[in-house]
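Colleague: So that you have it, the file is work08.txt, and it contains compact mmCIF, C-alpha atoms and all ligand atoms:
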# COMPACT_ATOMS: atom_id res chain seq x y z
CA MET A 1 -53.80 -59.64 4.67
CA SER A 2 -55.50 -60.71 7.91
CA LYS A 3 -58.32 -63.18 7.26
CA ASN A 4 -60.54 -61.00 9.48
CA LEU A 5 -60.59 -58.26 6.88
CA LYS A 6 -62.58 -58.54 3.70
CA ILE A 7 -61.36 -56.90 0.52
CA ILE A 8 -63.58 -53.95 -0.15
CA GLU A 9 -64.84 -52.72 -3.45
CA SER A 10 -64.80 -49.09 -4.45
CA GLY A 11 -67.25 -47.08 -2.40
CA GLU A 12 -67.90 -49.76 0.22
CA ILE A 13 -67.28 -49.03 3.86
CA LEU A 14 -65.26 -51.40 5.95
CA ASP A 15 -66.34 -51.06 9.56
CA LEU A 16 -63.66 -52.30 11.93
CA GLN A 17 -65.85 -51.30 14.87
CA ALA A 18 -68.96 -53.17 13.78
CA ARG A 19 -69.79 -56.26 15.77
CA HIS A 20 -70.15 -58.60 12.76
CA ILE A 21 -66.48 -58.06 11.91
CA PRO A 22 -64.42 -59.58 14.71
CA CYS A 23 -63.69 -56.43 16.64
CA PRO A 24 -65.77 -56.98 19.77
CA LYS A 25 -63.54 -54.66 21.70
CA SER A 26 -64.78 -51.24 20.60
CA GLN A 27 -67.66 -50.90 23.11
CA LYS A 28 -65.65 -52.69 25.79
CA GLU A 29 -62.75 -50.33 25.12
CA PHE A 30 -65.07 -47.35 25.59
CA ALA A 31 -66.23 -48.75 28.96
CA ILE A 32 -62.67 -49.50 30.08
CA ASP A 33 -61.39 -46.07 29.02
CA VAL A 34 -64.25 -44.41 30.94
CA LEU A 35 -63.47 -46.53 34.00
CA ILE A 36 -59.76 -45.69 33.82
CA GLY A 37 -60.34 -42.01 33.06
CA LEU A 38 -62.90 -41.32 35.80
CA SER A 39 -60.85 -43.30 38.35
CA HIS A 40 -57.79 -41.20 37.54
CA SER A 41 -56.92 -38.16 39.59
CA PRO A 42 -57.50 -35.63 38.10
CA LYS A 43 -60.41 -37.13 36.13
CA ARG A 44 -60.07 -37.32 32.36
CA LEU A 45 -61.83 -38.80 29.30
CA PRO A 46 -60.33 -39.41 25.82
CA CYS A 47 -61.59 -36.86 23.29
CA LYS A 48 -61.99 -39.51 20.57
CA TYR A 49 -65.23 -40.63 22.27
CA ILE A 50 -66.85 -37.26 21.55
CA TYR A 51 -67.32 -38.41 17.95
CA ASP A 52 -70.51 -40.40 17.52
CA GLU A 53 -73.06 -39.19 14.93
CA ARG A 54 -74.06 -36.23 17.11
CA GLY A 55 -70.42 -35.38 17.91
CA SER A 56 -69.50 -35.37 14.22
CA LEU A 57 -72.45 -33.09 13.42
CA LEU A 58 -71.47 -30.76 16.27
CA PHE A 59 -67.92 -30.63 14.92
CA GLU A 60 -69.30 -29.53 11.53
CA ARG A 61 -71.13 -26.73 13.39
CA ILE A 62 -67.89 -25.72 15.15
CA ILE A 63 -66.18 -25.39 11.77
CA ALA A 64 -68.92 -22.95 10.74
CA CYS A 65 -68.37 -20.74 13.84
CA PRO A 66 -66.67 -17.43 12.97
CA GLU A 67 -64.21 -17.89 15.87
CA TYR A 68 -62.91 -21.24 14.56
CA TYR A 69 -60.27 -19.98 12.11
CA LEU A 70 -58.46 -23.33 11.66
CA THR A 71 -60.62 -24.71 8.85
CA ASP A 72 -60.68 -21.45 6.86
CA CYS A 73 -56.88 -21.29 7.04
CA GLU A 74 -56.47 -24.84 5.83
CA VAL A 75 -59.00 -24.39 3.02
CA GLU A 76 -57.02 -21.31 1.91
CA ILE A 77 -53.76 -23.32 1.94
CA LEU A 78 -55.26 -26.16 -0.09
CA ARG A 79 -56.88 -23.84 -2.63
CA THR A 80 -53.71 -21.75 -3.05
CA TYR A 81 -51.14 -24.55 -3.19
CA LYS A 82 -53.06 -27.59 -4.51
CA GLU A 83 -51.08 -27.73 -7.78
CA GLU A 84 -47.74 -27.31 -6.04
CA ILE A 85 -48.60 -29.93 -3.41
CA LEU A 86 -49.60 -32.46 -6.06
CA SER A 87 -46.56 -31.74 -8.21
CA LYS A 88 -44.36 -32.60 -5.21
CA VAL A 89 -45.99 -36.00 -4.61
CA GLY A 90 -45.76 -36.86 -8.31
CA GLY A 91 -48.12 -38.77 -10.59
CA GLY A 92 -48.60 -42.53 -10.86
CA LYS A 93 -51.00 -44.57 -8.77
CA ILE A 94 -51.79 -42.97 -5.43
CA ASN A 95 -53.63 -44.05 -2.29
CA LEU A 96 -54.80 -40.81 -0.66
CA VAL A 97 -55.35 -41.95 2.92
CA GLU A 98 -56.93 -39.51 5.37
CA LEU A 99 -56.75 -40.21 9.09
CA GLY A 100 -59.61 -38.63 11.08
CA ALA A 101 -61.17 -37.53 7.80
CA GLY A 102 -64.43 -36.11 9.19
CA SER A 103 -66.57 -34.70 6.37
CA GLY A 104 -63.71 -34.87 3.82
CA GLU A 105 -64.76 -31.41 2.59
CA LYS A 106 -61.21 -29.99 2.55
CA THR A 107 -59.85 -33.10 0.87
CA LYS A 108 -62.35 -32.60 -1.95
CA ILE A 109 -60.14 -29.70 -3.11
CA LEU A 110 -57.19 -32.07 -3.66
CA LEU A 111 -59.32 -34.90 -5.04
CA GLN A 112 -60.91 -32.69 -7.68
CA GLU A 113 -57.48 -31.45 -8.73
CA MET A 114 -56.12 -35.01 -8.92
CA ILE A 115 -59.01 -36.29 -10.97
CA ALA A 116 -58.84 -33.28 -13.31
CA GLY A 117 -55.12 -34.10 -13.76
CA ASN A 118 -55.90 -37.77 -14.58
CA ILE A 119 -54.06 -39.04 -11.51
CA ASP A 120 -55.07 -42.61 -10.65
CA VAL A 121 -56.17 -42.00 -7.06
CA THR A 122 -58.06 -44.09 -4.53
CA PHE A 123 -59.34 -42.10 -1.55
CA ILE A 124 -59.27 -43.97 1.76
CA PRO A 125 -60.87 -41.94 4.55
CA ILE A 126 -60.34 -43.49 7.99
CA ASP A 127 -62.38 -42.26 10.95
CA ILE A 128 -63.63 -43.56 14.28
CA SER A 129 -67.06 -42.07 13.50
CA SER A 130 -69.11 -44.35 11.23
CA SER A 131 -71.53 -41.53 10.39
CA ALA A 132 -68.61 -39.33 9.26
CA ILE A 133 -67.37 -42.08 6.93
CA ARG A 134 -70.87 -42.86 5.64
CA ASP A 135 -71.75 -39.20 5.00
CA SER A 136 -68.39 -38.25 3.46
CA THR A 137 -68.27 -41.25 1.11
CA ASP A 138 -71.89 -40.65 0.02
CA SER A 139 -71.35 -36.97 -0.64
CA LEU A 140 -67.98 -37.37 -2.41
CA LYS A 141 -69.39 -40.09 -4.69
CA GLU A 142 -72.20 -37.73 -5.60
CA GLN A 143 -69.97 -34.69 -6.13
CA ILE A 144 -67.06 -36.40 -7.90
CA PRO A 145 -68.48 -39.01 -10.30
CA GLY A 146 -66.14 -41.97 -10.89
CA ILE A 147 -64.13 -41.38 -7.72
CA LYS A 148 -62.66 -44.52 -6.13
CA ILE A 149 -63.31 -44.53 -2.37
CA LYS A 150 -62.73 -47.15 0.30
CA GLY A 151 -64.00 -45.84 3.63
CA LEU A 152 -62.66 -47.39 6.80
CA VAL A 153 -64.35 -46.97 10.19
CA SER A 154 -61.50 -47.39 12.58
CA GLU A 155 -59.44 -45.94 15.37
CA TYR A 156 -56.20 -44.38 14.06
CA PHE A 157 -53.91 -47.15 15.26
CA LYS A 158 -55.96 -50.01 13.81
CA GLY A 159 -56.21 -48.00 10.59
CA ILE A 160 -52.45 -47.49 10.55
CA ARG A 161 -51.85 -51.24 10.96
CA TRP A 162 -54.31 -51.88 8.12
CA LEU A 163 -52.39 -49.44 5.90
CA SER A 164 -49.54 -51.88 5.43
CA ASN A 165 -52.03 -54.18 3.62
CA LEU A 166 -52.64 -51.67 0.86
CA ASP A 167 -51.55 -52.23 -2.75
CA ARG A 168 -48.01 -51.21 -3.47
CA CYS A 169 -48.39 -47.69 -4.77
CA THR A 170 -47.49 -44.31 -3.31
CA ASN A 171 -49.37 -43.63 -0.09
CA VAL A 172 -50.09 -39.97 0.58
CA ILE A 173 -51.36 -39.74 4.15
CA LEU A 174 -53.39 -36.69 5.15
CA PHE A 175 -53.70 -35.72 8.80
CA LEU A 176 -55.49 -32.38 8.64
CA GLY A 177 -57.20 -30.01 11.04
CA SER A 178 -54.32 -30.06 13.56
CA ASN A 179 -55.63 -33.44 14.79
CA ILE A 180 -52.00 -34.10 15.79
CA GLY A 181 -52.48 -31.41 18.48
CA ASN A 182 -54.99 -33.63 20.30
CA PHE A 183 -52.20 -36.01 21.28
CA GLU A 184 -50.07 -35.42 24.35
CA PRO A 185 -46.46 -34.87 23.13
CA ALA A 186 -45.28 -38.43 23.90
CA GLU A 187 -48.38 -39.86 22.18
CA ALA A 188 -47.68 -37.73 19.09
CA ASP A 189 -44.28 -39.42 18.80
CA VAL A 190 -45.83 -42.89 19.18
CA PHE A 191 -48.42 -42.03 16.54
CA LEU A 192 -45.87 -40.69 14.05
CA SER A 193 -43.42 -43.53 14.54
CA SER A 194 -46.25 -46.09 14.08
CA LEU A 195 -47.26 -44.31 10.92
CA TRP A 196 -43.65 -44.32 9.72
CA ASN A 197 -43.50 -48.08 10.36
CA ALA A 198 -46.67 -48.75 8.37
CA CYS A 199 -45.52 -46.66 5.40
CA ASN A 200 -43.09 -47.51 2.62
CA ASP A 201 -39.94 -45.57 1.88
CA GLY A 202 -40.91 -42.53 -0.19
CA ASP A 203 -44.55 -42.31 0.99
CA TYR A 204 -45.79 -38.85 2.01
CA LEU A 205 -47.48 -37.33 5.04
CA PHE A 206 -49.34 -34.03 4.63
CA ILE A 207 -50.00 -32.85 8.15
CA GLY A 208 -51.73 -29.74 9.54
CA PHE A 209 -50.50 -27.80 12.59
CA ASP A 210 -52.20 -24.92 14.32
CA LEU A 211 -49.44 -22.40 15.10
CA LYS A 212 -48.90 -20.47 18.34
CA LYS A 213 -50.44 -17.02 18.08
CA ASP A 214 -52.21 -14.29 20.07
CA ILE A 215 -53.75 -16.13 23.03
CA ARG A 216 -57.06 -14.28 22.61
CA LEU A 217 -57.52 -15.77 19.14
CA LEU A 218 -56.77 -19.24 20.49
CA LEU A 219 -59.17 -18.87 23.40
CA ASN A 220 -61.97 -17.53 21.20
CA ALA A 221 -61.68 -20.50 18.85
CA TYR A 222 -62.51 -22.87 21.71
CA ASN A 223 -65.10 -20.60 23.36
CA ASP A 224 -67.54 -19.77 20.57
CA SER A 225 -70.33 -17.40 21.51
CA GLY A 226 -73.02 -19.87 20.38
CA GLY A 227 -71.92 -22.51 22.90
CA VAL A 228 -71.40 -25.17 20.19
CA THR A 229 -67.99 -26.24 21.56
CA ALA A 230 -69.54 -26.64 25.00
CA GLU A 231 -72.26 -28.92 23.54
CA PHE A 232 -69.56 -30.81 21.64
CA ASN A 233 -67.62 -31.58 24.83
CA LEU A 234 -70.80 -32.42 26.77
CA ASN A 235 -71.50 -35.04 24.10
CA LEU A 236 -68.96 -37.22 25.91
CA LEU A 237 -71.21 -37.39 28.97
CA ARG A 238 -74.28 -37.84 26.78
CA ARG A 239 -72.61 -40.85 25.12
CA ILE A 240 -71.75 -42.37 28.49
CA ASN A 241 -75.41 -41.97 29.51
CA ASN A 242 -76.72 -43.45 26.24
CA GLU A 243 -74.23 -46.25 25.68
CA LEU A 244 -72.98 -47.19 29.13
CA GLY A 245 -76.06 -46.48 31.26
CA GLY A 246 -74.62 -43.39 32.98
CA ASP A 247 -76.74 -40.90 34.87
CA PHE A 248 -74.78 -37.67 34.30
CA ASN A 249 -76.99 -34.60 34.59
CA LEU A 250 -75.50 -32.53 31.75
CA GLU A 251 -76.89 -29.30 33.15
CA GLU A 252 -74.70 -29.69 36.20
CA PHE A 253 -71.47 -29.70 34.20
CA GLN A 254 -69.92 -26.54 32.84
CA TYR A 255 -67.55 -26.41 29.86
CA TYR A 256 -64.32 -24.51 30.46
CA SER A 257 -61.23 -24.14 28.31
CA THR A 258 -58.02 -22.28 28.89
CA PHE A 259 -54.56 -21.85 27.37
CA ASP A 260 -51.77 -23.49 29.32
CA ALA A 261 -48.76 -21.35 28.42
CA ILE A 262 -46.25 -23.84 29.83
CA SER A 263 -47.32 -26.81 27.70
CA GLY A 264 -48.58 -24.61 24.85
CA ALA A 265 -52.02 -26.20 24.64
CA ILE A 266 -55.65 -25.25 24.90
CA LYS A 267 -56.97 -27.54 27.64
CA SER A 268 -60.69 -28.25 27.76
CA TYR A 269 -62.65 -29.45 30.76
CA LEU A 270 -66.14 -30.28 31.97
CA ILE A 271 -66.55 -29.05 35.53
CA SER A 272 -69.01 -30.40 38.07
CA GLN A 273 -70.87 -27.38 39.45
CA ARG A 274 -71.76 -29.17 42.66
CA LYS A 275 -70.92 -32.15 44.84
CA GLN A 276 -72.57 -35.18 43.27
CA ASN A 277 -72.45 -38.92 42.56
CA VAL A 278 -72.71 -40.37 39.07
CA VAL A 279 -73.55 -44.03 38.48
CA ILE A 280 -72.47 -45.86 35.32
CA ASP A 281 -74.32 -49.18 35.10
CA GLU A 282 -72.22 -50.83 32.41
CA ILE A 283 -69.07 -50.64 34.51
CA ASN A 284 -70.91 -51.11 37.79
CA ARG A 285 -69.35 -48.03 39.38
CA LEU A 286 -70.34 -44.90 41.26
CA PHE A 287 -68.07 -41.89 40.80
CA PHE A 288 -67.95 -39.08 43.34
CA PHE A 289 -67.48 -35.49 42.13
CA LYS A 290 -66.45 -32.71 44.48
CA SER A 291 -67.88 -29.24 43.82
CA TRP A 292 -65.96 -27.67 40.92
CA GLU A 293 -64.02 -30.83 40.20
CA SER A 294 -62.91 -31.10 36.56
CA ILE A 295 -62.85 -33.80 33.89
CA HIS A 296 -60.17 -33.10 31.28
CA THR A 297 -61.78 -33.72 27.88
CA GLU A 298 -59.34 -32.46 25.25
CA SER A 299 -55.90 -30.96 24.73
CA SER A 300 -55.21 -28.98 21.56
CA TYR A 301 -51.48 -28.34 21.35
CA LYS A 302 -50.22 -25.35 19.37
CA PHE A 303 -46.86 -25.38 17.61
CA LEU A 304 -43.86 -23.34 16.52
CA VAL A 305 -42.23 -24.20 13.20
CA ASP A 306 -39.21 -25.31 15.18
CA ASP A 307 -41.35 -27.87 17.10
CA ILE A 308 -42.59 -29.24 13.77
CA VAL A 309 -39.08 -29.61 12.37
CA LYS A 310 -37.99 -31.58 15.46
CA LEU A 311 -41.13 -33.74 15.42
CA ALA A 312 -40.51 -34.73 11.79
CA SER A 313 -36.83 -35.45 12.19
CA ARG A 314 -37.03 -37.55 15.36
CA ASN A 315 -39.74 -39.74 13.79
CA GLY A 316 -37.97 -40.50 10.51
CA PHE A 317 -39.59 -37.98 8.16
CA GLU A 318 -37.93 -35.46 5.87
CA ILE A 319 -39.68 -32.13 5.47
CA ILE A 320 -40.34 -31.34 1.83
CA GLU A 321 -42.14 -28.02 2.31
CA HIS A 322 -44.26 -25.97 4.71
CA PHE A 323 -47.41 -24.33 3.27
CA PHE A 324 -48.72 -21.39 5.31
CA ASP A 325 -51.99 -19.44 5.10
CA SER A 326 -51.75 -15.70 4.43
CA LYS A 327 -52.07 -14.81 8.15
CA ASN A 328 -49.48 -17.40 9.25
CA TYR A 329 -52.00 -18.90 11.65
CA PHE A 330 -51.70 -22.46 10.34
CA VAL A 331 -49.25 -24.62 8.42
CA ASP A 332 -49.71 -27.77 6.37
CA SER A 333 -46.39 -29.50 6.19
CA LEU A 334 -45.46 -32.04 3.51
CA TRP A 335 -43.16 -34.76 4.84
CA GLN A 336 -41.63 -37.79 3.16
CA VAL A 337 -40.93 -41.16 4.78
CA LYS A 338 -37.21 -41.93 4.76
CA LYS A 339 -36.19 -45.53 5.40
CA GLU A 340 -32.98 -45.92 3.42
C1 LIG B 1 -61.14 -32.33 14.81
S1 LIG B 1 -61.99 -33.41 13.72
C2 LIG B 1 -61.15 -33.02 12.20
C3 LIG B 1 -61.87 -33.51 10.98
C4 LIG B 1 -61.13 -33.18 9.66
N1 LIG B 1 -59.85 -33.87 9.58
C5 LIG B 1 -60.89 -31.70 9.55
O1 LIG B 1 -59.73 -31.31 9.49
O2 LIG B 1 -61.88 -30.94 9.48
C6 LIG B 1 -61.27 -34.94 14.17
C7 LIG B 1 -61.76 -36.13 13.35
O3 LIG B 1 -60.96 -37.26 13.70
C8 LIG B 1 -61.77 -38.34 14.12
N2 LIG B 1 -61.06 -38.97 15.23
C9 LIG B 1 -60.77 -38.44 16.45
N3 LIG B 1 -60.03 -39.30 17.18
C10 LIG B 1 -59.85 -40.40 16.40
C11 LIG B 1 -59.17 -41.62 16.58
N4 LIG B 1 -58.50 -41.88 17.72
N5 LIG B 1 -59.16 -42.52 15.57
C12 LIG B 1 -59.82 -42.26 14.40
N6 LIG B 1 -60.50 -41.10 14.17
C13 LIG B 1 -60.51 -40.18 15.15
C14 LIG B 1 -63.10 -37.73 14.55
O4 LIG B 1 -64.17 -38.62 14.40
C15 LIG B 1 -63.19 -36.52 13.63
O5 LIG B 1 -63.85 -36.82 12.42
Let me see whether you can do it: turn the structure in this file into structure tokens.
Ligand SMILES: C[S@@+](CC[C@H](N)C(=O)[O-])C[C@H]1O[C@@H](n2cnc3c(N)ncnc32)[C@H](O)[C@@H]1O
Modeller:
Amino acid sequence: MSKNLKIIESGEILDLQARHIPCPKSQKEFAIDVLIGLSHSPKRLPCKYIYDERGSLLFERIIACPEYYLTDCEVEILRTYKEEILSKVGGGKINLVELGAGSGEKTKILLQEMIAGNIDVTFIPIDISSSAIRDSTDSLKEQIPGIKIKGLVSEYFKGIRWLSNLDRCTNVILFLGSNIGNFEPAEADVFLSSLWNACNDGDYLFIGFDLKKDIRLLLNAYNDSGGVTAEFNLNLLRRINNELGGDFNLEEFQYYSTFDAISGAIKSYLISQRKQNVVIDEINRLFFFKSWESIHTESSYKFLVDDIVKLASRNGFEIIEHFFDSKNYFVDSLWQVKKE
């Protein structure tokens, strides 16, 4: 294990982003990614920076929007198939590792089932948002007495590298909520092959995919009537103002999302409603926006089952089973790492 990482006791949070642990790069990385993204043509910003404390709270409000069907579908899948899913991954000692865990609410369904079945499980939520890790570990410890939790505040890739330090027992990796859809296709392959590398032969990946469906349903999910998704995206500019000394006027940027039928993704943007300059002190730059110029903030790719089969096979995973919701809107797919 790297000497930079301390061993953490049950329930403690290891913060790879915090300054006292040698990871001075996180704020610098934010500044560099903003510089690169706003210098790019067309302008773009990585969606992972939406998630500070406010961003995580706004995401919880999105989940509660009637238009956002994804979470309801996945809750239904977990409630319906929890026993079957757990019977496939077997008993013994398990590290249940969740990447981009958020509130951990859906995972609670599996954790309760595991603990009721006397499975020796340690839950390891990994998330870039320290408030998400803090709040989820606090609430799970309260709701499931005796649960073993090691929260890790980290970007996916650092978390994946850290995974290989875990005790030798079966790793069951959760990647829920169709988080995989936020990667561009080439990035999804890099992510999955890195995960494969960090896992042991026989480990499992339980991964959620939002399926292609009626475009109106897709568009509604990213255009809620209460404007929560718009606020969520605008949080990126708010963070740049707060943390990097930016002077974005949020009222002059409009949220817009559309379905790109060629790539098969919902693409989200913030659009400058007028010609304007924005200064960002921390990176010592002034950025010029033309009227109606866009910043790409998020892609949310949608999948066919056939895409999922190919994704698994070209990254070294064997599909054990697909679990669908009753409307066939969403699938959680159980994969196993094959190395031999
Ligand atoms: C769309 S939310 C999904 C949350 C939860 N998995 C669910 O299904 O409801 C994405 C979560 O992943 C985290 N996240 C996004 N990008 C990340 C990254 N690059 N590394 C680590 N966590 C990330 C966010 O903080 C957020 O909690």
Colleague: Go through A:Phe323, A:Phe253, A:Tyr269, A:Tyr69 and flag the residue nearest ligand LIG 1 (chain B), using all atoms listed in the file for the distances.
Modeller: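 That would be A:Tyr69, the residue with the smallest distance to ligand LIG 1 (chain B).
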Colleague: With the cut-off set at 7 Å and counting only C-alpha atoms, tabulate each residue of region 235-312 of chain A with an atom at most that distance from an atom of region 36-47 of chain A, showing the nearest atom pair and its distance in Å to one decimal, ordered by chain and increasing number, as a Markdown table.
Modeller:
| residue | atom | partner | partner_atom | distance |
| --- | --- | --- | --- | --- |
| A:Ser294 | CA | A:Lys43 | CA | 6.5 |
| A:Ile295 | CA | A:Lys43 | CA | 4.7 |
| A:His296 | CA | A:Arg44 | CA | 4.4 |
| A:Thr297 | CA | A:Leu45 | CA | 5.3 |
| A:Glu298 | CA | A:Cys47 | CA | 5.3 |
Colleague: First collect every listed atom of ligand LIG 1 (chain B); then fit an axis-aligned box around them, widen it by 4 Å on each side, and give centre and edge lengths in Å to one decimal, as AutoDock Vina command-line options.
Modeller:
--center_x -61.3 --center_y -36.7 --center_z 13.6 --size_x 13.7 --size_y 19.6 --size_z 16.2
Colleague: Between A:Asp33, A:Glu142, A:Glu318, A:Asp52, which one has atoms that come closest to ligand LIG 1 (chain B), using only C-alpha atoms and all ligand atoms?
Modeller: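 Checking each of A:Asp33, A:Glu142, A:Glu318, A:Asp52 against ligand LIG 1 (chain B), counting only C-alpha atoms and all ligand atoms, the winner is A:Asp52.
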Colleague: To check your reading of the model: which residues sit at most 8 Å from ligand LIG 1 (chain B) when counting all atoms listed in the file? Write the answer as a PDB file with C-alpha atoms, in the coordinates of the input.
Modeller:
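The result, stored in pocket01.pdb:
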ATOM      1  CA  CYS A  47     -61.590 -36.860  23.290  1.00  0.00           C
ATOM      2  CA  LYS A  48     -61.990 -39.510  20.570  1.00  0.00           C
ATOM      3  CA  TYR A  49     -65.230 -40.630  22.270  1.00  0.00           C
ATOM      4  CA  ILE A  50     -66.850 -37.260  21.550  1.00  0.00           C
ATOM      5  CA  TYR A  51     -67.320 -38.410  17.950  1.00  0.00           C
ATOM      6  CA  ASP A  52     -70.510 -40.400  17.520  1.00  0.00           C
ATOM      7  CA  GLY A  55     -70.420 -35.380  17.910  1.00  0.00           C
ATOM      8  CA  SER A  56     -69.500 -35.370  14.220  1.00  0.00           C
ATOM      9  CA  PHE A  59     -67.920 -30.630  14.920  1.00  0.00           C
ATOM     10  CA  GLU A  60     -69.300 -29.530  11.530  1.00  0.00           C
ATOM     11  CA  ILE A  63     -66.180 -25.390  11.770  1.00  0.00           C
ATOM     12  CA  THR A  71     -60.620 -24.710   8.850  1.00  0.00           C
ATOM     13  CA  GLU A  98     -56.930 -39.510   5.370  1.00  0.00           C
ATOM     14  CA  LEU A  99     -56.750 -40.210   9.090  1.00  0.00           C
ATOM     15  CA  GLY A 100     -59.610 -38.630  11.080  1.00  0.00           C
ATOM     16  CA  ALA A 101     -61.170 -37.530   7.800  1.00  0.00           C
ATOM     17  CA  GLY A 102     -64.430 -36.110   9.190  1.00  0.00           C
ATOM     18  CA  SER A 103     -66.570 -34.700   6.370  1.00  0.00           C
ATOM     19  CA  GLY A 104     -63.710 -34.870   3.820  1.00  0.00           C
ATOM     20  CA  GLU A 105     -64.760 -31.410   2.590  1.00  0.00           C
ATOM     21  CA  LYS A 106     -61.210 -29.990   2.550  1.00  0.00           C
ATOM     22  CA  ILE A 126     -60.340 -43.490   7.990  1.00  0.00           C
ATOM     23  CA  ASP A 127     -62.380 -42.260  10.950  1.00  0.00           C
ATOM     24  CA  ILE A 128     -63.630 -43.560  14.280  1.00  0.00           C
ATOM     25  CA  SER A 129     -67.060 -42.070  13.500  1.00  0.00           C
ATOM     26  CA  ALA A 132     -68.610 -39.330   9.260  1.00  0.00           C
ATOM     27  CA  VAL A 153     -64.350 -46.970  10.190  1.00  0.00           C
ATOM     28  CA  SER A 154     -61.500 -47.390  12.580  1.00  0.00           C
ATOM     29  CA  GLU A 155     -59.440 -45.940  15.370  1.00  0.00           C
ATOM     30  CA  TYR A 156     -56.200 -44.380  14.060  1.00  0.00           C
ATOM     31  CA  PHE A 157     -53.910 -47.150  15.260  1.00  0.00           C
ATOM     32  CA  GLY A 159     -56.210 -48.000  10.590  1.00  0.00           C
ATOM     33  CA  PHE A 175     -53.700 -35.720   8.800  1.00  0.00           C
ATOM     34  CA  LEU A 176     -55.490 -32.380   8.640  1.00  0.00           C
ATOM     35  CA  GLY A 177     -57.200 -30.010  11.040  1.00  0.00           C
ATOM     36  CA  SER A 178     -54.320 -30.060  13.560  1.00  0.00           C
ATOM     37  CA  ASN A 179     -55.630 -33.440  14.790  1.00  0.00           C
TER      38      ASN A 179
END
Colleague: Measure the distance from CA of Ser272 (chain A) to CA of Tyr256 (chain A) in Å and round it to one decimal.
Modeller: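 The value is 10.7 Å.
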Colleague: Which one of A:Glu293, A:Asp325, A:Asp281, A:Asp332 sits closest to Leu35 (chain A) if you count all atoms listed in the file?
Modeller: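 The closest residue to Leu35 (chain A) is A:Asp281.
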Colleague: Step by step: start from the point (-78.1, -28.2, 37.3) in the file's coordinates, keep every protein, DNA or RNA residue that has an atom no farther than 10 Å from it, count all atoms listed in the file, and write the set as a list in words.
Modeller: Asn249, Leu250, Glu251, Glu252, Phe253, Gln254, Ser272, Gln273 and Arg274 of chain A
Colleague: Return the single residue from A:Ala64, A:Arg134, A:Ile144, A:Asn171 that is closest to Lys93 (chain A), with distances computed using all atoms listed in the file.
Modeller: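 Distance minimum relative to Lys93 (chain A) lands on A:Asn171.
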